[in-house]
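Trainee: Input: one structure, supplied below.
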Amino acid sequence: MVDSTGASKTVINCEPTVDISAAQALYDHLASAIENEHDVEINAGDVTRVDAAVLQVFTAFMLESKTHETTVSWKSVSDTFYASAELMGLSAELGLPARD
């Protein structure tokens with residue numbers, strides 16, 4: 001998980017494999033974005049494998065972001081990420097954009 005922080009935006013660039021070992025770092029980055037009142041942009045376009053734990057972290061963040069009025073956008077989402085989210089029934093909660 002690589003992130004960068006601009007003046008008011010945090011960008012999360014997901015690695016091709018996003019598994020439970022990345023969940024804590026992801027949570028920390030997302031929590032920091034809320035704490036610092038940053039909008040968040042997530043790039044999951046290169047994801048070839050994503051664990052349920054990571055999808056749960058993203059889902060919890062999406063819920064939390066609404067209470068803090070944090071804007072979250074998806075820059076890119078891979079077919080694998082879409083399929084995993086759909087399998088777990090989390091596509092709506094994650095606010096995934098429509099597929100191209």
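The chains in the structure tokens are called A, B, ... from first to last as shown; in each chain the residues are counted from 1, and the ligands are counted from 1 in the order shown.
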Which neighbours of Ile20 of chain A fall inside 7 Å, counting only C-alpha atoms, when residues of the same chain fewer than 3 positions from it are skipped, and could you give them as an NGL selection string?
Mentor: :A and (23 or 51 or 53-54)
Trainee: Give me a file of those residues, with N, CA and C atoms, as a PDB file, in the first residue's frame.
Mentor:
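The new file part-v2.pdb reads:
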ATOM      1  N   ALA A  23      -3.628  -4.765   5.903  1.00  0.00           N
ATOM      2  CA  ALA A  23      -4.842  -4.197   6.510  1.00  0.00           C
ATOM      3  C   ALA A  23      -4.542  -3.134   7.561  1.00  0.00           C
ATOM      4  N   ASP A  51      -7.951  -9.474  -0.105  1.00  0.00           N
ATOM      5  CA  ASP A  51      -8.530 -10.263   0.978  1.00  0.00           C
ATOM      6  C   ASP A  51      -9.798  -9.619   1.510  1.00  0.00           C
ATOM      7  N   ALA A  53     -10.467  -9.128   4.557  1.00  0.00           N
ATOM      8  CA  ALA A  53     -10.111  -8.195   5.632  1.00  0.00           C
ATOM      9  C   ALA A  53      -9.893  -6.791   5.088  1.00  0.00           C
ATOM     10  N   VAL A  54      -9.293  -6.682   3.936  1.00  0.00           N
ATOM     11  CA  VAL A  54      -9.033  -5.374   3.333  1.00  0.00           C
ATOM     12  C   VAL A  54     -10.345  -4.745   2.868  1.00  0.00           C
TER      13      VAL A  54
END
Trainee: Identify, with DSSP run on backbone atoms, the residues in chain A assigned to alpha helix (DSSP H), and express the list as a ChimeraX atom specification.
Mentor: /A:20-35,52-67,79-87,91-94
Trainee: For the atom pair atom CA of His29 of chain A and atom CA of Arg99 of chain A, what is the interatomic distance in Å to one decimal place?
Mentor: 26.1 Å
Trainee: Just the residues within 9 Å of Gly95 of chain A, please, counting only C-alpha atoms, with nothing from its chain fewer than 6 positions along; format it as a list of chain:residue names.
Mentor: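 The neighbour list is A:Met62, A:Val72, A:Ser73, A:Trp74.
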Trainee: Quick one, how far is atom CA of Ala31 of chain A from atom CA of Ser84 of chain A?
Mentor: 23.1 Å
Trainee: Taking the chain letters and numbering used in this document, name the residues of segment 10-86 of chain A that DSSP puts in strand (DSSP E), as a ChimeraX atom specification.
Mentor: /A:10-13,17-18,39-44,49-50,72-77
Trainee: Residues as selected, N, CA and C atoms, written as a PDB file, in the first residue's frame, can you do that?
Mentor:
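Generated file (selection-v7.pdb):
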ATOM      1  N   THR A  10      -5.510  12.660   0.382  1.00  0.00           N
ATOM      2  CA  THR A  10      -4.667  11.491   0.571  1.00  0.00           C
ATOM      3  C   THR A  10      -4.975  10.523  -0.560  1.00  0.00           C
ATOM      4  N   VAL A  11      -3.943  10.036  -1.234  1.00  0.00           N
ATOM      5  CA  VAL A  11      -4.096   9.085  -2.326  1.00  0.00           C
ATOM      6  C   VAL A  11      -3.607   7.727  -1.852  1.00  0.00           C
ATOM      7  N   ILE A  12      -4.464   6.716  -1.996  1.00  0.00           N
ATOM      8  CA  ILE A  12      -4.109   5.346  -1.643  1.00  0.00           C
ATOM      9  C   ILE A  12      -3.939   4.573  -2.940  1.00  0.00           C
ATOM     10  N   ASN A  13      -2.722   4.113  -3.207  1.00  0.00           N
ATOM     11  CA  ASN A  13      -2.422   3.296  -4.384  1.00  0.00           C
ATOM     12  C   ASN A  13      -2.238   1.860  -3.923  1.00  0.00           C
ATOM     13  N   THR A  17      -1.324  -7.221  -4.915  1.00  0.00           N
ATOM     14  CA  THR A  17      -1.857  -8.116  -3.901  1.00  0.00           C
ATOM     15  C   THR A  17      -2.079  -7.315  -2.632  1.00  0.00           C
ATOM     16  N   VAL A  18      -3.345  -7.225  -2.230  1.00  0.00           N
ATOM     17  CA  VAL A  18      -3.709  -6.481  -1.030  1.00  0.00           C
ATOM     18  C   VAL A  18      -4.324  -7.494  -0.072  1.00  0.00           C
ATOM     19  N   ASP A  39      -9.582  14.687   1.919  1.00  0.00           N
ATOM     20  CA  ASP A  39     -10.350  13.854   1.017  1.00  0.00           C
ATOM     21  C   ASP A  39      -9.456  12.684   0.625  1.00  0.00           C
ATOM     22  N   VAL A  40     -10.059  11.600   0.153  1.00  0.00           N
ATOM     23  CA  VAL A  40      -9.295  10.390  -0.165  1.00  0.00           C
ATOM     24  C   VAL A  40      -9.598   9.948  -1.591  1.00  0.00           C
ATOM     25  N   GLU A  41      -8.551   9.611  -2.312  1.00  0.00           N
ATOM     26  CA  GLU A  41      -8.672   9.021  -3.640  1.00  0.00           C
ATOM     27  C   GLU A  41      -8.019   7.643  -3.583  1.00  0.00           C
ATOM     28  N   ILE A  42      -8.748   6.624  -4.015  1.00  0.00           N
ATOM     29  CA  ILE A  42      -8.246   5.248  -3.962  1.00  0.00           C
ATOM     30  C   ILE A  42      -8.028   4.739  -5.378  1.00  0.00           C
ATOM     31  N   ASN A  43      -6.834   4.210  -5.618  1.00  0.00           N
ATOM     32  CA  ASN A  43      -6.508   3.606  -6.900  1.00  0.00           C
ATOM     33  C   ASN A  43      -6.325   2.113  -6.676  1.00  0.00           C
ATOM     34  N   ALA A  44      -7.310   1.335  -7.115  1.00  0.00           N
ATOM     35  CA  ALA A  44      -7.260  -0.127  -6.987  1.00  0.00           C
ATOM     36  C   ALA A  44      -7.221  -0.772  -8.368  1.00  0.00           C
ATOM     37  N   ARG A  49      -5.421  -9.425  -6.446  1.00  0.00           N
ATOM     38  CA  ARG A  49      -5.889 -10.251  -5.317  1.00  0.00           C
ATOM     39  C   ARG A  49      -6.162  -9.325  -4.142  1.00  0.00           C
ATOM     40  N   VAL A  50      -7.356  -9.487  -3.536  1.00  0.00           N
ATOM     41  CA  VAL A  50      -7.710  -8.671  -2.378  1.00  0.00           C
ATOM     42  C   VAL A  50      -8.399  -9.554  -1.350  1.00  0.00           C
ATOM     43  N   VAL A  72     -14.653  10.653  -0.679  1.00  0.00           N
ATOM     44  CA  VAL A  72     -13.860   9.502  -1.122  1.00  0.00           C
ATOM     45  C   VAL A  72     -14.181   9.244  -2.586  1.00  0.00           C
ATOM     46  N   SER A  73     -13.132   9.100  -3.395  1.00  0.00           N
ATOM     47  CA  SER A  73     -13.334   8.790  -4.811  1.00  0.00           C
ATOM     48  C   SER A  73     -12.440   7.612  -5.202  1.00  0.00           C
ATOM     49  N   TRP A  74     -12.895   6.889  -6.195  1.00  0.00           N
ATOM     50  CA  TRP A  74     -12.143   5.760  -6.738  1.00  0.00           C
ATOM     51  C   TRP A  74     -11.552   6.205  -8.070  1.00  0.00           C
ATOM     52  N   LYS A  75     -10.232   6.213  -8.152  1.00  0.00           N
ATOM     53  CA  LYS A  75      -9.570   6.599  -9.397  1.00  0.00           C
ATOM     54  C   LYS A  75      -9.698   5.485 -10.424  1.00  0.00           C
ATOM     55  N   SER A  76      -9.454   4.262  -9.965  1.00  0.00           N
ATOM     56  CA  SER A  76      -9.489   3.101 -10.839  1.00  0.00           C
ATOM     57  C   SER A  76      -9.763   1.868  -9.988  1.00  0.00           C
ATOM     58  N   VAL A  77     -10.521   0.921 -10.556  1.00  0.00           N
ATOM     59  CA  VAL A  77     -10.858  -0.308  -9.837  1.00  0.00           C
ATOM     60  C   VAL A  77     -10.706  -1.479 -10.801  1.00  0.00           C
TER      61      VAL A  77
END
Trainee: Under the rule that only C-alpha atoms are counted, which of A:His38, A:Cys14, A:Ala98, A:Ala22 is the nearest residue to Ser65 of chain A?
Mentor: A:His38
Trainee: Between atom CA of Glu86 of chain A and atom CA of Glu37 of chain A, what is the spacing in Å?
Mentor: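 Spanning atom CA of Glu37 of chain A to atom CA of Glu86 of chain A is a straight-line distance of 29.2 Å.
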Trainee: List as a PyMOL selection string the protein and nucleic acid residues near segment 78-82 of chain A, meaning an atom at most 6 Å away when only C-alpha atoms are counted, but skip any in the same chain fewer than 5 places from it.
Mentor: chain A and resi 45+47-48
Trainee: For C-alpha atoms, I'd like the residues from the last selection saved as a compact mmCIF listing (two decimals), in the first residue's frame.
Mentor:
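Writing the result to result.txt gives the following:
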# COMPACT_ATOMS: atom_id res chain seq x y z
CA GLY A 45 -6.70 -0.52 -10.72
CA VAL A 47 -5.26 -5.20 -7.80
CA THR A 48 -5.10 -8.88 -8.78
